[in-house]
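Working notes, beginning with the structure itself.
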Amino acid sequence: MTWVKVCGITSEHDAATAVEAGADALGFVLADFSPRYVDVDRARSLMDGLPVLRILVTAHATPSELVEAAMETGADGVQPHGRHKQNAAAAGAAAGLLVLHPLRMGSGDESPDSIPGGQIPLLDTAHPELLGGTGVTFDWSLIDSSDRRFVLSGGLGPHNVMEAVRSVSPWGVDASSGLESAPGVKDPGKVADFVARAKGT
């Protein structure tokens, strides 16, 4: 069954909605330029007591900043974007955290097979200005035939997640903007449909 992450959680209501829908992980964005931004204190409050994996999404965090934020919030995993990505991901793995290692598909970024074995490649859409959260799919034919597990991201929603699972057989899927009624506000119906269709339930 496909692993599902609902990213960009900004409220207790949205966290509860995603958990009730059956998501396996929730993402909390610490990048202050994102409409889904929460600070460390807010992330810690939102994560408290959640019965699913809690993933911090960062931008340009140094290795020490990444690990410190994870320890302060109680996060189970990290998803580092931007400068320092490789070193921050390595630091997260060394600290015993689940690491989703973003790859910007079509940008000449690393291939999934180049990512250390203790980390999970997260395949996202390349954009000249945005680090992620583009809301746009990439050409799934860019995904090679590697047997390595990966998480598919980029423009996913209830309308296309079943096709994505059938087409490229990802270990997991990740969505944010495609599940919203407004930037940073999740639509309960879209969240429930996305999780159910991703898992084939």
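Chain labels follow the order of the structure tokens: the first chain is A, the next B, and so on; residue numbering restarts at 1 in every chain, and ligands are counted from 1 in their shown order.
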Worksheet entry | Neighbour list for range 163-180 of chain A as a ChimeraX atom specification, cut-off 7 Å, only C-alpha atoms, skip fewer than 3 positions in-chain | /A:2-8,133,135,149-153,155-157,160,183-187,190-191,198
Item to complete: Just the residues within 7 Å of Arg104 in chain A, please, counting only C-alpha atoms, with nothing from its chain fewer than 6 positions along; format it as a PyMOL selection string.
Response: chain A and resi 123-126
Write the residues you've just listed into a file as a tab-separated table (two decimals), in the first residue's frame, and include C-alpha atoms for each of them.
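Saved result, out00.tsv, follows:
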```tsv
chain	number	residue	atom	x	y	z
A	123	LEU	CA	11.24	13.37	-6.70
A	124	ASP	CA	9.84	16.86	-7.27
A	125	THR	CA	9.39	19.29	-10.16
A	126	ALA	CA	12.34	21.50	-11.08
```
Worksheet entry | Best match for closeness to Ile55 in chain A among A:Val99, A:Ala15, A:Met71, A:Ala91, counting only C-alpha atoms | A:Val99
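With only C-alpha atoms as the atoms that count, the minimum distance from Arg83 in chain A to the choices A:Pro63, A:Gly154, A:Pro51, A:Pro112 is reached by A:Pro63.
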Discussion item. Write out as a PyMOL selection string the set of residues from range 44-89 of chain A that DSSP, computed on the backbone, places in strand (DSSP E).
Written reply: chain A and resi 53-59+77-81
Suppose we keep C-alpha atoms; can you now write the selection as a CSV table (one decimal), in the first residue's frame?
```csv
chain,number,residue,atom,x,y,z
A,53,LEU,CA,5.3,10.6,11.2
A,54,ARG,CA,6.1,14.3,11.5
A,55,ILE,CA,8.4,15.8,8.9
A,56,LEU,CA,10.1,19.2,9.0
A,57,VAL,CA,10.5,20.8,5.6
A,58,THR,CA,13.4,23.3,5.5
A,59,ALA,CA,15.0,25.7,3.1
A,77,GLY,CA,12.0,13.2,9.9
A,78,VAL,CA,13.4,16.0,7.8
A,79,GLN,CA,13.1,17.2,4.2
A,80,PRO,CA,16.0,19.7,3.5
A,81,HIS,CA,15.9,21.9,0.4
```
Discussion item. Between CA of Arg44 in chain A and CA of Ala70 in chain A, what is the distance in Å, rounded to a tenth?
Written reply: 9.2 Å
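Between CA of His60 in chain A and CA of Ser11 in chain A lies a distance of 23.9 Å.
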Fill in: Given only C-alpha atoms as the counted atoms, nearest of A:Leu97, A:Ala43, A:Pro116, A:Trp140 to Val67 in chain A
A:Leu97
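What separates CA of Leu100 in chain A from CA of Val52 in chain A is a distance of 15.5 Å.
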